[in-house]
file structure_25.txt (compact mmCIF, C-alpha atoms)
# COMPACT_ATOMS: atom_id res chain seq x y z
CA MET A 22 -56.90 62.07 -47.45
CA THR A 23 -57.44 61.81 -51.19
CA ILE A 24 -54.42 60.96 -53.28
CA ALA A 25 -54.12 61.75 -56.96
CA PRO A 26 -53.16 58.77 -59.17
CA PHE A 27 -49.55 59.90 -59.57
CA GLY A 28 -49.01 60.43 -55.84
CA VAL A 29 -49.91 64.12 -55.26
CA HIS A 30 -51.74 64.70 -51.98
CA THR A 31 -54.66 67.09 -52.20
CA LYS A 32 -53.75 68.53 -48.81
CA MET A 33 -50.45 70.24 -48.46
CA ALA A 34 -47.76 68.43 -46.48
CA ALA A 35 -45.79 71.44 -45.32
CA VAL A 36 -42.15 71.13 -44.32
CA SER A 37 -40.87 72.97 -41.27
CA SER A 38 -37.27 73.42 -42.29
CA ALA A 39 -34.67 75.88 -41.10
CA PRO A 40 -35.49 79.48 -42.15
CA PRO A 41 -33.17 81.18 -44.61
CA ARG A 42 -30.73 83.63 -43.12
CA GLY A 43 -32.23 87.01 -42.59
CA ARG A 44 -35.84 85.77 -42.29
CA GLY A 45 -37.65 86.23 -38.99
CA PRO A 46 -40.39 84.01 -37.53
CA SER A 47 -43.23 85.97 -39.15
CA ALA A 48 -41.56 85.79 -42.55
CA GLU A 49 -41.06 82.05 -42.12
CA LEU A 50 -44.79 81.67 -41.34
CA ASP A 51 -45.56 83.55 -44.55
CA PHE A 52 -43.22 81.22 -46.41
CA GLU A 53 -45.01 78.14 -45.06
CA SER A 54 -48.42 79.62 -45.78
CA LEU A 55 -47.33 80.46 -49.32
CA LYS A 56 -46.08 76.92 -49.81
CA ARG A 57 -49.43 75.48 -48.70
CA LEU A 58 -51.26 77.85 -51.03
CA ILE A 59 -49.09 76.98 -54.03
CA HIS A 60 -49.41 73.25 -53.41
CA GLY A 61 -53.20 73.59 -53.25
CA LYS A 62 -53.32 75.54 -56.50
CA LEU A 63 -50.94 73.00 -58.08
CA VAL A 64 -53.42 70.21 -57.41
CA GLU A 65 -56.26 72.29 -58.86
CA LYS A 66 -54.33 72.98 -62.08
CA LEU A 67 -53.13 69.42 -62.78
CA ASP A 68 -54.54 67.71 -65.86
CA LEU A 69 -54.52 64.15 -64.51
CA SER A 70 -55.47 62.58 -67.85
CA ARG A 71 -52.40 64.13 -69.49
CA LEU A 72 -50.09 63.30 -66.58
CA GLY A 73 -50.75 59.61 -67.14
CA ASP A 74 -48.60 59.80 -70.27
CA LEU A 75 -45.64 61.37 -68.46
CA GLN A 76 -43.12 59.54 -66.32
CA GLY A 77 -40.03 60.13 -64.20
CA ASP A 78 -37.92 63.17 -65.00
CA THR A 79 -40.31 64.38 -67.69
CA LEU A 80 -43.18 64.51 -65.20
CA ARG A 81 -41.05 66.32 -62.62
CA ARG A 82 -39.96 68.91 -65.23
CA GLU A 83 -43.56 69.54 -66.22
CA ILE A 84 -44.64 70.02 -62.59
CA ARG A 85 -41.64 72.27 -61.90
CA LEU A 86 -42.77 74.65 -64.66
CA VAL A 87 -46.24 74.83 -63.12
CA VAL A 88 -44.86 75.47 -59.62
CA GLU A 89 -42.47 78.16 -60.89
CA HIS A 90 -45.38 79.90 -62.65
CA LEU A 91 -47.46 79.75 -59.47
CA CYS A 92 -44.58 81.23 -57.45
CA ASP A 93 -44.32 84.16 -59.83
CA THR A 94 -48.09 84.66 -59.78
CA GLU A 95 -48.71 84.41 -56.03
CA ASN A 96 -45.61 86.24 -54.78
CA PRO A 97 -43.43 87.88 -57.41
CA ALA A 98 -41.42 89.57 -54.61
CA LEU A 99 -39.62 86.32 -53.72
CA ASN A 100 -35.90 86.59 -54.26
CA ARG A 101 -34.05 83.97 -56.32
CA SER A 102 -32.97 81.72 -53.42
CA GLU A 103 -36.41 81.85 -51.76
CA ARG A 104 -38.12 80.98 -55.02
CA GLU A 105 -35.79 78.00 -55.65
CA ARG A 106 -36.23 76.76 -52.10
CA LEU A 107 -40.01 77.01 -52.38
CA VAL A 108 -40.07 75.14 -55.70
CA GLU A 109 -37.83 72.35 -54.38
CA GLU A 110 -39.85 71.86 -51.19
CA VAL A 111 -43.14 71.66 -53.06
CA LEU A 112 -41.62 69.14 -55.48
CA ASP A 113 -40.16 67.10 -52.59
CA ASP A 114 -43.58 66.91 -50.93
CA THR A 115 -45.20 66.01 -54.22
CA PHE A 116 -42.79 63.37 -55.51
CA GLY A 117 -40.41 62.47 -52.72
CA TYR A 118 -40.17 62.13 -48.98
CA GLY A 119 -40.69 65.74 -47.95
CA PRO A 120 -38.18 66.97 -45.34
CA LEU A 121 -36.29 63.68 -45.60
CA GLU A 122 -35.12 64.61 -49.08
CA ILE A 123 -32.74 67.21 -47.63
CA LEU A 124 -31.02 64.58 -45.47
CA LEU A 125 -31.03 61.91 -48.16
CA LYS A 126 -29.16 64.26 -50.48
CA GLU A 127 -26.62 65.34 -47.85
CA GLN A 128 -23.20 63.74 -48.24
CA GLY A 129 -21.71 61.86 -45.31
CA VAL A 130 -24.95 61.06 -43.47
CA ALA A 131 -24.81 57.40 -42.38
CA ASP A 132 -27.95 57.20 -40.24
CA ILE A 133 -31.12 59.26 -39.86
CA MET A 134 -32.97 58.88 -36.56
CA ILE A 135 -36.41 60.47 -36.25
CA ASN A 136 -37.91 60.49 -32.73
CA GLY A 137 -41.23 62.13 -33.48
CA PRO A 138 -41.82 65.06 -35.83
CA LYS A 139 -39.64 67.64 -34.05
CA ASN A 140 -36.65 65.54 -32.99
CA VAL A 141 -34.50 64.50 -35.94
CA PHE A 142 -30.92 63.33 -35.46
CA ILE A 143 -28.26 62.21 -37.93
CA GLU A 144 -24.96 60.38 -37.68
CA LYS A 145 -22.34 62.15 -39.75
CA ASN A 146 -18.61 61.46 -39.73
CA GLY A 147 -19.09 59.05 -36.86
CA ARG A 148 -20.92 61.54 -34.60
CA ILE A 149 -24.61 61.88 -33.74
CA GLN A 150 -25.97 65.42 -34.02
CA ARG A 151 -29.36 67.11 -34.08
CA SER A 152 -30.67 68.15 -37.49
CA GLU A 153 -32.53 71.37 -38.20
CA VAL A 154 -34.97 69.41 -40.36
CA THR A 155 -38.39 68.84 -38.76
CA PHE A 156 -41.86 67.69 -39.76
CA ARG A 157 -45.02 69.70 -39.23
CA ASP A 158 -46.72 67.20 -36.93
CA ASN A 159 -47.37 63.48 -36.42
CA ALA A 160 -49.77 63.36 -39.36
CA HIS A 161 -47.13 64.80 -41.69
CA LEU A 162 -44.54 62.27 -40.54
CA MET A 163 -47.06 59.42 -40.93
CA GLN A 164 -47.80 60.61 -44.46
CA ILE A 165 -44.10 60.32 -45.39
CA LEU A 166 -43.86 56.92 -43.67
CA ASP A 167 -46.89 55.63 -45.56
CA ARG A 168 -45.30 56.72 -48.82
CA ILE A 169 -42.08 54.83 -47.97
CA VAL A 170 -43.67 51.53 -46.92
CA SER A 171 -46.37 51.48 -49.60
CA ARG A 172 -43.74 51.55 -52.34
CA VAL A 173 -42.40 48.18 -51.15
CA GLY A 174 -45.83 46.64 -50.57
CA ARG A 175 -45.92 46.99 -46.80
CA ARG A 176 -48.01 48.87 -44.30
CA CYS A 177 -47.65 50.53 -40.92
CA ASP A 178 -50.80 51.07 -38.87
CA GLU A 179 -52.35 50.16 -35.51
CA THR A 180 -52.63 46.49 -36.49
CA SER A 181 -49.00 46.42 -37.66
CA PRO A 182 -47.17 49.18 -35.74
CA MET A 183 -43.63 48.02 -36.60
CA VAL A 184 -42.26 47.65 -40.13
CA ASP A 185 -39.02 47.14 -42.04
CA ALA A 186 -38.78 48.69 -45.49
CA ARG A 187 -36.21 50.14 -47.88
CA LEU A 188 -35.72 53.17 -50.08
CA ALA A 189 -34.98 53.07 -53.79
CA ASP A 190 -31.23 53.44 -53.18
CA GLY A 191 -31.21 50.38 -50.89
CA SER A 192 -31.21 52.31 -47.61
CA ARG A 193 -32.86 50.34 -44.82
CA VAL A 194 -35.85 51.80 -42.96
CA ASN A 195 -37.29 50.66 -39.63
CA ALA A 196 -40.38 52.35 -38.27
CA ILE A 197 -42.48 52.07 -35.13
CA ILE A 198 -45.58 54.14 -34.46
CA PRO A 199 -47.93 54.95 -31.55
CA PRO A 200 -49.15 53.48 -29.31
CA LEU A 201 -45.83 51.60 -29.13
CA ALA A 202 -43.78 54.77 -29.76
CA LEU A 203 -44.92 57.25 -27.11
CA ASP A 204 -43.57 60.46 -28.67
CA GLY A 205 -44.90 60.02 -32.17
CA PRO A 206 -43.81 57.91 -35.18
CA SER A 207 -40.14 56.90 -35.04
CA LEU A 208 -38.04 56.13 -38.12
CA THR A 209 -34.49 54.87 -38.28
CA ILE A 210 -32.84 54.96 -41.70
CA ARG A 211 -29.53 53.24 -42.38
CA ARG A 212 -28.13 54.91 -45.47
CA PHE A 213 -26.71 52.93 -48.39
CA GLY A 214 -25.45 54.86 -51.37
CA SER A 215 -26.31 53.89 -54.92
CA LYS A 216 -22.67 52.84 -55.34
CA PRO A 217 -21.58 50.39 -52.62
CA LEU A 218 -18.21 50.90 -50.94
CA GLY A 219 -15.45 48.77 -52.45
CA LEU A 220 -12.41 47.09 -50.99
CA GLU A 221 -10.18 50.07 -51.70
CA ASP A 222 -12.64 52.41 -49.99
CA LEU A 223 -12.65 50.37 -46.78
CA MET A 224 -8.87 50.09 -46.74
CA LYS A 225 -8.59 53.84 -47.29
CA PHE A 226 -10.81 54.34 -44.23
CA GLY A 227 -8.52 52.04 -42.25
CA ALA A 228 -11.13 49.32 -41.67
CA PHE A 229 -8.51 46.61 -42.39
CA THR A 230 -5.13 46.12 -44.07
CA PRO A 231 -4.10 44.74 -47.48
CA GLU A 232 -2.87 41.53 -45.80
CA MET A 233 -6.29 40.92 -44.29
CA ALA A 234 -7.94 41.70 -47.63
CA LEU A 235 -5.77 39.10 -49.38
CA LEU A 236 -6.87 36.39 -46.98
CA LEU A 237 -10.55 37.32 -47.19
CA GLU A 238 -10.43 37.39 -50.99
CA GLY A 239 -8.83 33.95 -51.00
CA ALA A 240 -11.41 32.62 -48.53
CA ILE A 241 -14.29 33.76 -50.75
CA LYS A 242 -12.75 32.31 -53.92
CA ALA A 243 -12.03 29.00 -52.15
CA ARG A 244 -15.68 28.92 -50.99
CA LEU A 245 -15.18 29.00 -47.26
CA ASN A 246 -18.33 29.52 -45.18
CA ILE A 247 -18.11 32.88 -43.42
CA ILE A 248 -20.03 34.56 -40.62
CA ILE A 249 -19.65 38.33 -40.19
CA SER A 250 -20.26 39.28 -36.57
CA GLY A 251 -20.68 42.71 -35.03
CA GLY A 252 -22.87 45.16 -33.16
CA THR A 253 -25.49 47.54 -34.54
CA GLY A 254 -23.97 50.04 -36.97
CA SER A 255 -20.59 48.31 -37.01
CA GLY A 256 -20.55 47.82 -40.80
CA LYS A 257 -21.57 44.15 -41.14
CA THR A 258 -23.70 44.63 -44.24
CA THR A 259 -21.15 46.94 -45.87
CA LEU A 260 -18.43 44.32 -45.36
CA LEU A 261 -20.70 41.54 -46.65
CA ASN A 262 -21.35 43.59 -49.79
CA THR A 263 -17.63 44.14 -50.25
CA LEU A 264 -16.65 40.50 -49.77
CA SER A 265 -19.38 39.35 -52.14
CA SER A 266 -17.56 41.16 -54.96
CA PHE A 267 -15.04 38.28 -54.95
CA ILE A 268 -17.69 35.69 -55.85
CA GLN A 269 -17.15 34.32 -59.34
CA ASN A 270 -19.58 35.68 -61.91
CA ASP A 271 -20.65 32.24 -63.16
CA GLN A 272 -22.11 31.13 -59.82
CA ARG A 273 -25.78 31.23 -58.87
CA VAL A 274 -26.20 33.28 -55.68
CA ILE A 275 -29.44 33.48 -53.70
CA THR A 276 -29.83 36.24 -51.10
CA ILE A 277 -32.41 36.18 -48.32
CA GLU A 278 -33.25 39.31 -46.34
CA ASP A 279 -36.00 40.88 -44.25
CA ALA A 280 -35.56 44.19 -46.06
CA ALA A 281 -33.43 43.89 -49.19
CA GLU A 282 -30.28 45.99 -48.87
CA LEU A 283 -27.48 43.85 -50.30
CA GLN A 284 -26.08 45.16 -53.57
CA LEU A 285 -24.34 42.22 -55.22
CA GLN A 286 -22.73 42.97 -58.58
CA GLN A 287 -22.77 39.48 -60.13
CA ASP A 288 -24.98 38.63 -63.11
CA HIS A 289 -26.64 35.56 -61.61
CA VAL A 290 -28.19 36.79 -58.35
CA LEU A 291 -31.69 35.91 -57.15
CA ARG A 292 -32.94 38.19 -54.37
CA LEU A 293 -35.59 36.93 -51.94
CA GLU A 294 -37.32 38.98 -49.26
CA THR A 295 -39.46 37.90 -46.33
CA ARG A 296 -43.06 39.04 -46.10
CA PRO A 297 -45.07 40.00 -42.99
CA SER A 298 -48.60 38.74 -42.45
CA ASN A 299 -51.48 40.67 -44.00
CA ILE A 300 -54.21 42.53 -42.14
CA GLU A 301 -55.95 39.20 -41.49
CA GLY A 302 -52.81 37.71 -39.97
CA LYS A 303 -52.14 35.45 -42.94
CA GLY A 304 -49.58 35.18 -45.72
CA ARG A 305 -46.41 35.54 -43.65
CA VAL A 306 -43.23 34.20 -45.27
CA THR A 307 -40.27 33.83 -42.91
CA ALA A 308 -36.54 33.56 -43.53
CA THR A 309 -36.80 29.89 -42.56
CA ASP A 310 -39.36 29.36 -45.34
CA LEU A 311 -37.10 31.10 -47.86
CA VAL A 312 -33.98 29.15 -46.86
CA LYS A 313 -35.82 25.86 -47.26
CA ASN A 314 -37.15 26.93 -50.63
CA ALA A 315 -33.75 28.26 -51.74
CA LEU A 316 -32.26 24.78 -51.29
CA ARG A 317 -34.59 23.59 -54.08
CA MET A 318 -33.40 26.31 -56.47
CA ARG A 319 -29.94 24.94 -57.28
CA PRO A 320 -27.90 27.65 -55.51
CA ASP A 321 -24.12 27.69 -55.56
CA ARG A 322 -24.11 30.01 -52.57
CA ILE A 323 -26.75 31.25 -50.14
CA ILE A 324 -26.33 34.63 -48.45
CA ILE A 325 -28.61 35.53 -45.54
CA GLY A 326 -28.54 39.24 -44.81
CA GLU A 327 -28.83 38.58 -41.08
CA CYS A 328 -29.46 35.48 -38.99
CA ARG A 329 -31.82 36.44 -36.20
CA GLY A 330 -34.00 33.37 -35.60
CA PRO A 331 -34.55 29.66 -36.27
CA GLU A 332 -33.36 30.08 -39.88
CA SER A 333 -29.87 29.92 -38.35
CA LEU A 334 -30.13 26.13 -38.13
CA ASP A 335 -31.26 25.88 -41.75
CA MET A 336 -28.31 28.05 -42.74
CA LEU A 337 -25.86 25.78 -40.89
CA GLN A 338 -27.39 22.72 -42.52
CA ALA A 339 -27.14 24.34 -45.95
CA MET A 340 -23.45 25.07 -45.33
CA ASN A 341 -23.03 21.42 -44.39
CA THR A 342 -24.80 20.00 -47.44
CA GLY A 343 -22.86 21.19 -50.45
CA HIS A 344 -23.48 24.93 -50.43
CA GLU A 345 -19.96 26.01 -49.57
CA GLY A 346 -19.13 29.66 -49.80
CA SER A 347 -22.31 30.78 -48.06
CA MET A 348 -22.29 33.86 -45.83
CA THR A 349 -24.41 35.61 -43.24
CA THR A 350 -24.19 38.27 -40.54
CA ILE A 351 -25.08 38.07 -36.86
CA HIS A 352 -25.27 40.49 -33.94
CA ALA A 353 -22.50 39.57 -31.49
CA ASN A 354 -19.55 41.24 -29.76
CA THR A 355 -16.85 38.58 -30.26
CA PRO A 356 -16.36 35.51 -32.47
CA ARG A 357 -17.16 33.19 -29.54
CA ASP A 358 -20.25 35.24 -28.71
CA ALA A 359 -21.41 34.66 -32.30
CA MET A 360 -21.47 30.92 -31.64
CA SER A 361 -23.43 31.43 -28.40
CA ARG A 362 -25.91 33.70 -30.18
CA LEU A 363 -26.57 31.07 -32.82
CA GLU A 364 -27.19 28.47 -30.14
CA THR A 365 -29.64 30.79 -28.39
CA MET A 366 -31.54 31.72 -31.56
CA ILE A 367 -31.91 28.08 -32.62
CA ALA A 368 -33.14 27.13 -29.14
CA MET A 369 -35.67 30.00 -29.17
CA GLY A 370 -37.07 28.60 -32.40
CA GLY A 371 -38.18 25.50 -30.52
CA VAL A 372 -35.53 23.17 -31.95
CA GLU A 373 -34.56 20.60 -29.35
CA LEU A 374 -31.01 19.59 -30.14
CA PRO A 375 -28.32 18.65 -27.62
CA ILE A 376 -25.75 21.43 -27.24
CA ARG A 377 -22.98 19.09 -28.33
CA ALA A 378 -24.82 18.17 -31.55
CA LEU A 379 -25.50 21.83 -32.26
CA ARG A 380 -21.85 22.76 -31.74
CA GLN A 381 -20.77 19.94 -34.00
CA GLN A 382 -23.02 21.40 -36.69
CA PHE A 383 -21.43 24.81 -36.15
CA ALA A 384 -17.86 23.52 -36.19
CA ALA A 385 -18.48 21.49 -39.35
CA ALA A 386 -20.32 24.27 -41.18
CA VAL A 387 -18.43 27.49 -40.38
CA ASP A 388 -14.85 28.07 -41.49
CA LEU A 389 -14.25 31.72 -40.66
CA ILE A 390 -15.71 34.37 -38.36
CA VAL A 391 -14.97 37.99 -39.21
CA GLN A 392 -15.63 40.39 -36.34
CA VAL A 393 -16.30 44.08 -37.00
CA GLN A 394 -16.69 46.80 -34.39
CA ARG A 395 -17.58 50.47 -34.24
CA LEU A 396 -15.07 52.02 -31.85
CA GLN A 397 -15.41 55.14 -29.73
CA GLY A 398 -15.68 58.25 -31.88
CA GLY A 399 -16.97 56.37 -34.92
CA PRO A 400 -14.13 54.45 -36.63
CA ARG A 401 -15.14 50.99 -37.80
CA LYS A 402 -12.51 48.26 -37.67
CA LEU A 403 -12.24 44.61 -38.54
CA THR A 404 -11.15 43.47 -35.07
CA TYR A 405 -10.83 39.68 -35.51
CA VAL A 406 -10.35 37.22 -38.34
CA THR A 407 -10.89 33.91 -36.55
CA GLU A 408 -10.73 30.37 -37.90
CA VAL A 409 -13.17 27.76 -36.58
CA LEU A 410 -11.25 24.49 -36.18
CA ASN A 411 -13.13 21.57 -34.65
CA MET A 412 -14.69 20.15 -31.50
CA GLU A 413 -12.65 19.09 -28.49
CA GLN A 414 -14.85 17.45 -25.90
CA ASP A 415 -17.85 19.84 -25.73
CA GLN A 416 -16.07 23.02 -26.82
CA ILE A 417 -15.46 24.54 -30.24
CA VAL A 418 -11.81 25.34 -30.86
CA MET A 419 -11.04 28.64 -32.61
CA GLN A 420 -7.84 30.50 -33.41
CA ASP A 421 -7.28 34.18 -34.25
CA ILE A 422 -5.36 34.86 -37.47
CA PHE A 423 -5.50 38.67 -37.53
CA LEU A 424 -6.73 41.11 -34.91
CA PHE A 425 -6.95 44.79 -34.03
CA LYS A 426 -5.61 46.19 -30.75
CA GLN A 427 -6.77 49.57 -29.51
CA ASP A 428 -3.92 51.78 -28.28
CA GLY A 429 -5.90 54.72 -26.91
CA ILE A 430 -8.10 57.75 -27.59
CA ASP A 431 -6.90 60.81 -29.51
CA GLU A 432 -7.65 64.52 -28.88
CA SER A 433 -10.89 64.35 -30.87
CA ASN A 434 -12.10 61.44 -28.68
CA ARG A 435 -11.63 58.86 -31.42
CA ALA A 436 -10.16 55.45 -30.68
CA PHE A 437 -6.96 54.45 -32.48
CA GLY A 438 -4.81 51.33 -32.56
CA HIS A 439 -3.03 48.87 -34.84
CA PHE A 440 -3.60 45.55 -36.61
CA GLU A 441 -1.52 42.45 -35.90
CA ALA A 442 -0.86 39.07 -37.48
CA THR A 443 -0.83 36.51 -34.67
CA GLY A 444 1.65 34.17 -36.38
CA VAL A 445 -0.96 31.42 -36.81
CA ARG A 446 -1.14 29.77 -40.20
CA PRO A 447 -4.78 28.73 -40.79
CA GLN A 448 -5.56 25.06 -41.31
CA PHE A 449 -7.79 25.87 -44.29
CA MET A 450 -4.76 26.93 -46.35
CA SER A 451 -4.84 23.58 -48.16
CA ARG A 452 -8.35 24.43 -49.39
CA LEU A 453 -7.16 27.80 -50.67
CA GLU A 454 -4.23 26.20 -52.48
CA GLY A 455 -6.53 23.55 -53.92
CA ALA A 456 -8.70 26.33 -55.34
CA GLY A 457 -5.68 27.94 -56.98
CA VAL A 458 -5.36 30.76 -54.43
CA LYS A 459 -1.72 31.66 -53.78
CA LEU A 460 -0.85 33.87 -50.84
CA PRO A 461 2.57 35.34 -49.88
CA SER A 462 4.61 32.94 -47.77
CA ASN A 463 5.11 35.53 -45.01
CA LEU A 464 1.48 36.68 -44.86
CA PHE A 465 0.88 35.13 -41.45
CA ALA A 466 4.22 35.97 -39.80
CA ALA A 467 3.65 37.49 -36.35
CA ARG A 468 4.05 41.28 -36.69
CA PRO A 469 2.17 44.59 -36.59
CA LEU A 470 0.39 45.30 -39.89
CA GLY A 471 0.01 48.48 -41.83
CA LYS A 472 3.17 50.11 -40.47
call {"tool": "encode", "arguments": {"input": "structure_25.txt", "output": "structure tokens"}}
result
Amino acid sequence: MTIAPFGVHTKMAAVSSAPPRGRGPSAELDFESLKRLIHGKLVEKLDLSRLGDLQGDTLRREIRLVVEHLCDTENPALNRSERERLVEEVLDDTFGYGPLEILLKEQGVADIMINGPKNVFIEKNGRIQRSEVTFRDNAHLMQILDRIVSRVGRRCDETSPMVDARLADGSRVNAIIPPLALDGPSLTIRRFGSKPLGLEDLMKFGAFTPEMALLLEGAIKARLNIIISGGTGSGKTTLLNTLSSFIQNDQRVITIEDAAELQLQQDHVLRLETRPSNIEGKGRVTATDLVKNALRMRPDRIIIGECRGPESLDMLQAMNTGHEGSMTTIHANTPRDAMSRLETMIAMGGVELPIRALRQQFAAAVDLIVQVQRLQGGPRKLTYVTEVLNMEQDQIVMQDIFLFKQDGIDESNRAFGHFEATGVRPQFMSRLEGAGVKLPSNLFAARPLGK
């Protein structure tokens, strides 16, 4: 397939979207045929030498005028809504991500799950539902996928059938294609808006209480090392983004991710991203490589988007060697499971350390584990705020400071419950006070919160 320099495909990538009300199957076929025809004529009419001088919104406005003229020429009988729909779909295929654009513009969509060209699902308001949006065929879906991954310098083909990428707004994309995916290319998109959710937003959604927010703010300002633990889709990255807003603006922060999605607001942030191997199997840069290099770059804090391999040991060592206030996320169901997961990942990396030595590293490096969970029906809650104390014999001692208890399921099948303070005053309070953080004297008194 030939591609024009500014990204216009010379073959039409038609979009099989839901027909407008009142249009039958034959009319919808005519609509699709008309769209293909107009896209073909658009490519014929483009003056590529002139387009080189146009960029962004100006280019899109120029192309819109051409498409509108073609619509009027080829089928003047189109009504106003049909004409606008046709123009938008041609522009989406020309500049954007085709059928995906409809879902990316829709408010409230948290995840987009594409299982082949005809099976598209979304998570909206905590529930998974089928979307009316479809792609024409596997080739059309692959065309959109190629456009996504090529913009971040990656590829997805038979030699590299799995890829992580990101959209311009920070949304995370994972793709896997045949022969590994049996029913056609599969994309999973985790949406991140251009404006990250703030502390007030999460409290409004009931993710945690003001008392918990006060402690977490103090922990960040006092440079405690924090691990955010949770399952897939539980809100780990969102919470990490939110907590990072408490980092002082004069500190140098280095972030390390497989696909960059963190949206830190500080001035002095250096973002690093891993790189897969090239078509010859060379040039791979792992998170371990980036952590080791980051230690030579005079960081005040290191933030790893997610620990999922041997870089976990490097992260613990960095936390132990003067880089207090570092943070990461990990896939685990409870705070104690997070410790076990780290042990397993480090062992899988080929590091031969006695379990006791590894746990000593963990106990010395990590101050706080924050557990998040997506409950039945969709609500996301901060279920544990747990302090890591020390080693006793061969076991790490932890204590819960705040927690969430589920009380039941409501009529709409959504879990509900309440937050509690356990009555435990954390041992790291002296560090918070030494950093000038003052918390209410009754903050940790045993009681239900938020009532």
call {"tool": "residues_near_point", "arguments": {"input": "structure_25.txt", "point": "(-12.0, 35.2, -49.3)", "cutoff": "10 Å", "atoms": "only C-alpha atoms", "output": "tab-separated table (two decimals) with C-alpha atoms, in the frame of the given file"}}
result
chain	number	residue	atom	x	y	z
A	233	MET	CA	-6.29	40.92	-44.29
A	234	ALA	CA	-7.94	41.70	-47.63
A	235	LEU	CA	-5.77	39.10	-49.38
A	236	LEU	CA	-6.87	36.39	-46.98
A	237	LEU	CA	-10.55	37.32	-47.19
A	238	GLU	CA	-10.43	37.39	-50.99
A	239	GLY	CA	-8.83	33.95	-51.00
A	240	ALA	CA	-11.41	32.62	-48.53
A	241	ILE	CA	-14.29	33.76	-50.75
A	242	LYS	CA	-12.75	32.31	-53.92
A	243	ALA	CA	-12.03	29.00	-52.15
A	244	ARG	CA	-15.68	28.92	-50.99
A	245	LEU	CA	-15.18	29.00	-47.26
A	246	ASN	CA	-18.33	29.52	-45.18
A	247	ILE	CA	-18.11	32.88	-43.42
A	264	LEU	CA	-16.65	40.50	-49.77
A	265	SER	CA	-19.38	39.35	-52.14
A	266	SER	CA	-17.56	41.16	-54.96
A	267	PHE	CA	-15.04	38.28	-54.95
A	268	ILE	CA	-17.69	35.69	-55.85
A	346	GLY	CA	-19.13	29.66	-49.80
A	389	LEU	CA	-14.25	31.72	-40.66
A	453	LEU	CA	-7.16	27.80	-50.67
A	458	VAL	CA	-5.36	30.76	-54.43
call {"tool": "atom_distance", "arguments": {"input": "structure_25.txt", "atom1": "CA of Ser171 in chain A", "atom2": "CA of Lys139 in chain A"}}
result
23.4 Å
call {"tool": "residues_near_point", "arguments": {"input": "structure_25.txt", "point": "(-28.8, 49.8, -50.8)", "cutoff": "8 Å", "atoms": "only C-alpha atoms", "output": "list in words"}}
result
Arg187, Leu188, Ala189, Asp190, Gly191, Ser192, Arg193, Arg212, Phe213, Gly214, Ser215, Pro217, Ala281, Glu282, Leu283 and Gln284 of chain A
call {"tool": "atom_distance", "arguments": {"input": "structure_25.txt", "atom1": "CA of Arg151 in chain A", "atom2": "CA of Gln128 in chain A"}}
result
15.8 Å
call {"tool": "atom_distance", "arguments": {"input": "structure_25.txt", "atom1": "CA of Ile417 in chain A", "atom2": "CA of Ile277 in chain A"}}
result
27.4 Å
call {"tool": "closest_residue", "arguments": {"input": "structure_25.txt", "among": "A:Leu201, A:Val445, A:Ile149, A:Met318", "to": "Gly398 in chain A", "atoms": "all atoms listed in the file"}}
result
A:Ile149
call {"tool": "closest_residue", "arguments": {"input": "structure_25.txt", "among": "A:Thr259, A:Gln382, A:Gln427, A:Thr407", "to": "Gly326 in chain A", "atoms": "only C-alpha atoms"}}
result
A:Thr259
call {"tool": "closest_residue", "arguments": {"input": "structure_25.txt", "among": "A:Glu301, A:Glu122, A:Asp358, A:Glu408", "to": "Ser181 in chain A", "atoms": "all atoms listed in the file"}}
result
A:Glu301
call {"tool": "closest_residue", "arguments": {"input": "structure_25.txt", "among": "A:Thr404, A:Asn195, A:Asn146, A:Gln392", "to": "Glu441 in chain A", "atoms": "only C-alpha atoms"}}
result
A:Thr404
call {"tool": "closest_residue", "arguments": {"input": "structure_25.txt", "among": "A:Cys92, A:Val406, A:Val108, A:Met348", "to": "Gln420 in chain A", "atoms": "only C-alpha atoms"}}
result
A:Val406
call {"tool": "build_atoms", "arguments": {"input": "structure_25.txt", "residues": "range 300-306 of chain A", "atoms": "N, CA and C atoms", "output": "short mmCIF file (atom, residue, chain, number, x, y, z; two decimals), in the coordinates of the input"}}
result
data_model
loop_
_atom_site.label_atom_id
_atom_site.label_comp_id
_atom_site.auth_asym_id
_atom_site.auth_seq_id
_atom_site.Cartn_x
_atom_site.Cartn_y
_atom_site.Cartn_z
N ILE A 300 -53.35 41.96 -43.18
CA ILE A 300 -54.21 42.53 -42.14
C ILE A 300 -55.04 41.46 -41.45
N GLU A 301 -55.21 40.31 -42.10
CA GLU A 301 -55.95 39.20 -41.49
C GLU A 301 -55.04 38.24 -40.74
N GLY A 302 -53.74 38.58 -40.68
CA GLY A 302 -52.81 37.71 -39.97
C GLY A 302 -52.35 36.51 -40.78
N LYS A 303 -52.51 36.57 -42.08
CA LYS A 303 -52.14 35.45 -42.94
C LYS A 303 -51.09 35.89 -43.97
N GLY A 304 -50.49 34.90 -44.61
CA GLY A 304 -49.58 35.18 -45.72
C GLY A 304 -48.15 35.46 -45.34
N ARG A 305 -47.78 35.26 -44.08
CA ARG A 305 -46.41 35.54 -43.65
C ARG A 305 -45.44 34.53 -44.26
N VAL A 306 -44.31 35.05 -44.75
CA VAL A 306 -43.23 34.20 -45.27
C VAL A 306 -41.97 34.54 -44.50
#
